[in-house]
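Listing of run.pdb; format and content: PDB, C-alpha atoms.
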ATOM      1  CA  MET A 497     -21.940 -70.417 106.466
ATOM      2  CA  LEU A 498     -19.883 -68.888 109.253
ATOM      3  CA  ASN A 499     -17.809 -65.710 109.143
ATOM      4  CA  SER A 500     -14.285 -65.416 110.600
ATOM      5  CA  SER A 501     -15.785 -64.815 114.078
ATOM      6  CA  GLY A 502     -17.880 -67.984 113.897
ATOM      7  CA  GLU A 503     -21.144 -66.103 113.368
ATOM      8  CA  ALA A 504     -23.771 -67.370 110.921
ATOM      9  CA  LYS A 505     -24.171 -65.389 107.717
ATOM     10  CA  MET A 506     -25.768 -65.767 104.306
ATOM     11  CA  VAL A 507     -23.378 -66.059 101.382
ATOM     12  CA  ASP A 508     -23.294 -62.890  99.242
ATOM     13  CA  ILE A 509     -24.107 -63.874  95.657
ATOM     14  CA  SER A 510     -24.561 -60.323  94.354
ATOM     15  CA  LEU A 511     -21.421 -60.471  92.181
ATOM     16  CA  LYS A 512     -22.194 -63.876  90.645
ATOM     17  CA  GLY A 513     -23.446 -63.943  87.090
ATOM     18  CA  GLU A 514     -26.566 -65.792  86.045
ATOM     19  CA  THR A 515     -26.077 -69.316  84.736
ATOM     20  CA  VAL A 516     -28.291 -72.295  84.048
ATOM     21  CA  ARG A 517     -27.802 -74.834  86.809
ATOM     22  CA  GLU A 518     -28.987 -78.386  87.386
ATOM     23  CA  ALA A 519     -28.840 -80.380  90.607
ATOM     24  CA  VAL A 520     -29.667 -84.070  90.996
ATOM     25  CA  ALA A 521     -30.279 -86.012  94.221
ATOM     26  CA  LYS A 522     -31.024 -89.715  94.592
ATOM     27  CA  GLY A 523     -32.462 -91.863  97.339
ATOM     28  CA  SER A 524     -34.396 -95.076  97.795
ATOM     29  CA  VAL A 525     -37.229 -96.501  99.850
ATOM     30  CA  MET A 526     -36.902-100.129 100.919
ATOM     31  CA  MET A 527     -40.044-102.267 101.174
ATOM     32  CA  GLN A 528     -41.360-105.792 101.000
ATOM     33  CA  PRO A 529     -41.531-107.156  97.426
ATOM     34  CA  GLU A 530     -45.301-107.659  97.823
ATOM     35  CA  THR A 531     -45.751-103.991  98.693
ATOM     36  CA  LEU A 532     -43.647-102.945  95.707
ATOM     37  CA  GLU A 533     -45.876-105.024  93.414
ATOM     38  CA  GLN A 534     -48.925-103.237  94.798
ATOM     39  CA  VAL A 535     -47.226 -99.879  94.173
ATOM     40  CA  LYS A 536     -46.409-100.889  90.603
ATOM     41  CA  ASN A 537     -49.985-102.026  89.989
ATOM     42  CA  ALA A 538     -51.517 -99.015  91.793
ATOM     43  CA  SER A 539     -53.557-101.506  93.817
ATOM     44  CA  LEU A 540     -52.973-100.067  97.293
ATOM     45  CA  LYS A 541     -56.034 -98.812  99.150
ATOM     46  CA  LYS A 542     -54.384 -95.380  99.392
ATOM     47  CA  GLY A 543     -54.410 -95.039  95.607
ATOM     48  CA  ASP A 544     -51.563 -94.107  93.270
ATOM     49  CA  VAL A 545     -48.744 -93.584  95.760
ATOM     50  CA  LEU A 546     -46.233 -92.629  93.053
ATOM     51  CA  ALA A 547     -48.424 -89.743  91.883
ATOM     52  CA  VAL A 548     -48.759 -88.540  95.474
ATOM     53  CA  ALA A 549     -45.006 -88.984  96.055
ATOM     54  CA  ARG A 550     -44.206 -86.946  92.941
ATOM     55  CA  ILE A 551     -46.427 -84.101  94.177
ATOM     56  CA  ALA A 552     -44.856 -84.336  97.657
ATOM     57  CA  GLY A 553     -41.375 -84.095  96.128
ATOM     58  CA  ILE A 554     -42.231 -81.041  94.063
ATOM     59  CA  ASN A 555     -43.971 -79.368  97.008
ATOM     60  CA  GLY A 556     -41.080 -80.308  99.275
ATOM     61  CA  ARG A 557     -38.637 -78.563  96.961
ATOM     62  CA  GLU A 558     -40.734 -75.418  97.185
ATOM     63  CA  LYS A 559     -40.372 -75.479 100.983
ATOM     64  CA  SER A 560     -36.562 -75.795 100.993
ATOM     65  CA  PRO A 561     -35.907 -72.301 102.409
ATOM     66  CA  ARG A 562     -37.947 -73.243 105.504
ATOM     67  CA  PHE A 563     -35.651 -76.210 106.231
ATOM     68  CA  TYR A 564     -32.254 -74.807 105.273
ATOM     69  CA  SER A 565     -31.471 -71.455 106.782
ATOM     70  CA  PRO A 566     -29.982 -69.204 105.541
ATOM     71  CA  LEU A 567     -30.928 -70.390 102.036
ATOM     72  CA  HIS A 568     -31.469 -67.957  99.187
ATOM     73  CA  MET A 569     -34.853 -67.976  97.511
ATOM     74  CA  ILE A 570     -33.949 -69.595  94.211
ATOM     75  CA  PRO A 571     -36.119 -69.068  91.141
ATOM     76  CA  ILE A 572     -36.763 -72.627  89.954
ATOM     77  CA  ASP A 573     -37.339 -73.355  86.277
ATOM     78  CA  SER A 574     -38.314 -77.015  86.764
ATOM     79  CA  THR A 575     -38.483 -79.785  89.345
ATOM     80  CA  LEU A 576     -38.748 -83.445  88.341
ATOM     81  CA  CYS A 577     -39.219 -86.486  90.573
ATOM     82  CA  ASP A 578     -38.700 -89.832  88.861
ATOM     83  CA  PHE A 579     -38.989 -93.367  90.207
ATOM     84  CA  ASP A 580     -37.020 -96.509  89.376
ATOM     85  CA  LEU A 581     -39.152 -99.606  89.870
ATOM     86  CA  THR A 582     -36.672-102.157  88.497
ATOM     87  CA  LYS A 583     -35.437-103.571  91.834
ATOM     88  CA  ALA A 584     -37.321-106.267  93.748
ATOM     89  CA  ASP A 585     -37.369-104.579  97.153
ATOM     90  CA  CYS A 586     -37.031-100.815  96.735
ATOM     91  CA  ILE A 587     -38.082 -97.768  94.777
ATOM     92  CA  GLY A 588     -35.293 -95.517  93.549
ATOM     93  CA  ILE A 589     -36.094 -91.800  93.675
ATOM     94  CA  THR A 590     -34.323 -89.184  91.557
ATOM     95  CA  SER A 591     -35.040 -85.484  91.895
ATOM     96  CA  THR A 592     -33.741 -82.985  89.342
ATOM     97  CA  VAL A 593     -34.014 -79.233  89.855
ATOM     98  CA  LYS A 594     -33.112 -76.707  87.156
ATOM     99  CA  SER A 595     -32.725 -72.999  87.731
ATOM    100  CA  THR A 596     -31.345 -69.927  86.058
ATOM    101  CA  GLY A 597     -29.662 -67.528  88.430
ATOM    102  CA  ALA A 598     -26.671 -66.798  90.596
ATOM    103  CA  ASP A 599     -27.151 -69.661  93.040
ATOM    104  CA  ARG A 600     -27.554 -73.410  92.905
ATOM    105  CA  GLY A 601     -30.587 -75.624  93.509
ATOM    106  CA  GLY A 602     -28.876 -78.526  95.287
ATOM    107  CA  ASP A 603     -30.603 -78.037  98.623
ATOM    108  CA  GLY A 604     -33.943 -78.179  96.844
ATOM    109  CA  THR A 605     -33.190 -81.534  95.235
ATOM    110  CA  LEU A 606     -32.334 -83.014  98.616
ATOM    111  CA  THR A 607     -35.604 -81.731 100.041
ATOM    112  CA  ALA A 608     -37.549 -83.124  97.084
ATOM    113  CA  VAL A 609     -36.033 -86.598  97.306
ATOM    114  CA  THR A 610     -36.492 -86.821 101.097
ATOM    115  CA  SER A 611     -40.034 -85.419 101.348
ATOM    116  CA  ARG A 612     -42.625 -87.719 102.842
ATOM    117  CA  HIS A 613     -43.416 -90.115 100.015
TER
END

Same coordinates, now as structure tokens:
Amino acid sequence: MLNSSGEAKMVDISLKGETVREAVAKGSVMMQPETLEQVKNASLKKGDVLAVARIAGINGREKSPRFYSPLHMIPIDSTLCDFDLTKADCIGITSTVKSTGADRGGDGTLTAVTSRH
């Protein structure tokens, strides 16, 4: 955020009350249908890529303040990364972050859904 002089500043949230907040971000990874079948069957040489991707998404959310400055440290209550395997050529990714506090968790969901999967 910029102030009236065009200088960067962190938003003051000290007067905001605590609320339960939920942010959802979605993305997708395109791939060959044969590769998607191997992902579904967990038959890739690298192992269960969805399990690794889920961990990467959760860990990515935890690193959000490193990527988005100046981002408040947000106490996170939960982070979920889910996958939609119903299409023939892509995996849908949905990240949901819940927090209780004076700020939102939207930046964290974007980080979770775009982490290296």

- request: Measuring atom to atom with only C-alpha atoms, identify which of A:Glu518, A:Asp544, A:Glu533, A:Asp508 is nearest to Thr575 in chain A.
  value: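 The closest residue to Thr575 in chain A is A:Glu518.
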
task: Step by step, work through what the PyMOL selection byres ((chain A and resi 517) around 6) selects in the shown file, and finish by giving those residues as a ChimeraX atom specification.
output: /A:516,518,594-595

field: Spatial sel., origin (-42.8, -75.9, 95.5), limit 10 Å, only C-alpha atoms, listed as a PyMOL selection string
entry: chain A and resi 551-560+572+574-575+604+608

Generate a file of the selected residues that holds C-alpha atoms, formatted as a short mmCIF file (atom, residue, chain, number, x, y, z; two decimals), keeping the file's coordinate frame.
data_model
loop_
_atom_site.label_atom_id
_atom_site.label_comp_id
_atom_site.auth_asym_id
_atom_site.auth_seq_id
_atom_site.Cartn_x
_atom_site.Cartn_y
_atom_site.Cartn_z
CA ILE A 551 -46.43 -84.10 94.18
CA ALA A 552 -44.86 -84.34 97.66
CA GLY A 553 -41.38 -84.10 96.13
CA ILE A 554 -42.23 -81.04 94.06
CA ASN A 555 -43.97 -79.37 97.01
CA GLY A 556 -41.08 -80.31 99.28
CA ARG A 557 -38.64 -78.56 96.96
CA GLU A 558 -40.73 -75.42 97.18
CA LYS A 559 -40.37 -75.48 100.98
CA SER A 560 -36.56 -75.80 100.99
CA ILE A 572 -36.76 -72.63 89.95
CA SER A 574 -38.31 -77.02 86.76
CA THR A 575 -38.48 -79.78 89.34
CA GLY A 604 -33.94 -78.18 96.84
CA ALA A 608 -37.55 -83.12 97.08
#

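CA of Thr596 in chain A lies 8.6 Å from CA of Ile570 in chain A.
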
task: Find the residue from A:Ser524, A:Ser510, A:Thr515, A:Ser501 that sits nearest to Lys583 in chain A; use all atoms listed in the file when measuring.
output: A:Ser524

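Interatomic distance, CA of Leu546 in chain A against CA of Gly523 in chain A: 14.4 Å.
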
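Counting only C-alpha atoms, the residue from A:Thr592, A:Val525, A:Gly597, A:Lys542 that sits nearest to Lys512 in chain A is A:Gly597.
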